[in-house]
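Below is one structure, written out as structure tokens; the observations come after it.
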Amino acid sequence: MPFWSSLHFPVVRADDEEAELVDPQTALREKCQTKGHIESLYNKYQECNDRVNSRSKTTENCMEELFDYVAELDHCVAHSLFPKLK
């Protein structure tokens, strides 16, 4: 008999198997996106994206705007996310 068959692993079951799991990060991101400074960073990113897409030949990309937006969004989410994790 292999040694692992004698090990007893705990069985974990959801409290309510019918309840849909919701990612708290997604909910917090939606909430943070409505804050003024984050919304303005998103608009700045969209303006850049529209500008780049309107040109046929360009070396411009919107990585800086995207990073600024995502970093600020994640910073906002981080304040509330970790206490909600189990």
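As shown in the structure tokens, the chain order sets the letters A, B, ...; within each chain, residues go from 1, and ligands are also counted from 1 in the order they appear.
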
message: For range 63-79 of chain A, find every residue with an atom within 6 Å (counting only C-alpha atoms), except residues of its own chain fewer than 4 positions away, and show them as a ChimeraX atom specification.
response: /A:28,41-42,45

Could you write those residues out with C-alpha atoms, as a compact mmCIF listing (two decimals), in the first residue's frame?
```txt
# COMPACT_ATOMS: atom_id res chain seq x y z
CA LEU A 28 -13.47 47.15 -6.33
CA LEU A 41 -6.39 58.85 -16.58
CA TYR A 42 -8.66 56.43 -18.44
CA TYR A 45 -5.50 56.70 -22.34
```

message: Report as a list in words all protein, DNA and RNA residues lying within 10 Å of Leu85 in chain A, evaluated on only C-alpha atoms, omitting residues in the same chain fewer than 3 positions from it.
response: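 Contacts, in chain order: Asp23, Pro24, Gln25, Ser80, Leu81 and Phe82 of chain A.
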
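Shell of Val52 in chain A at 12 Å, with only C-alpha atoms counted and residues fewer than 6 places along the chain excluded, is A:Tyr45, A:Gln46, A:Thr58, A:Thr59, A:Glu60, A:Asn61, A:Cys62, A:Met63.
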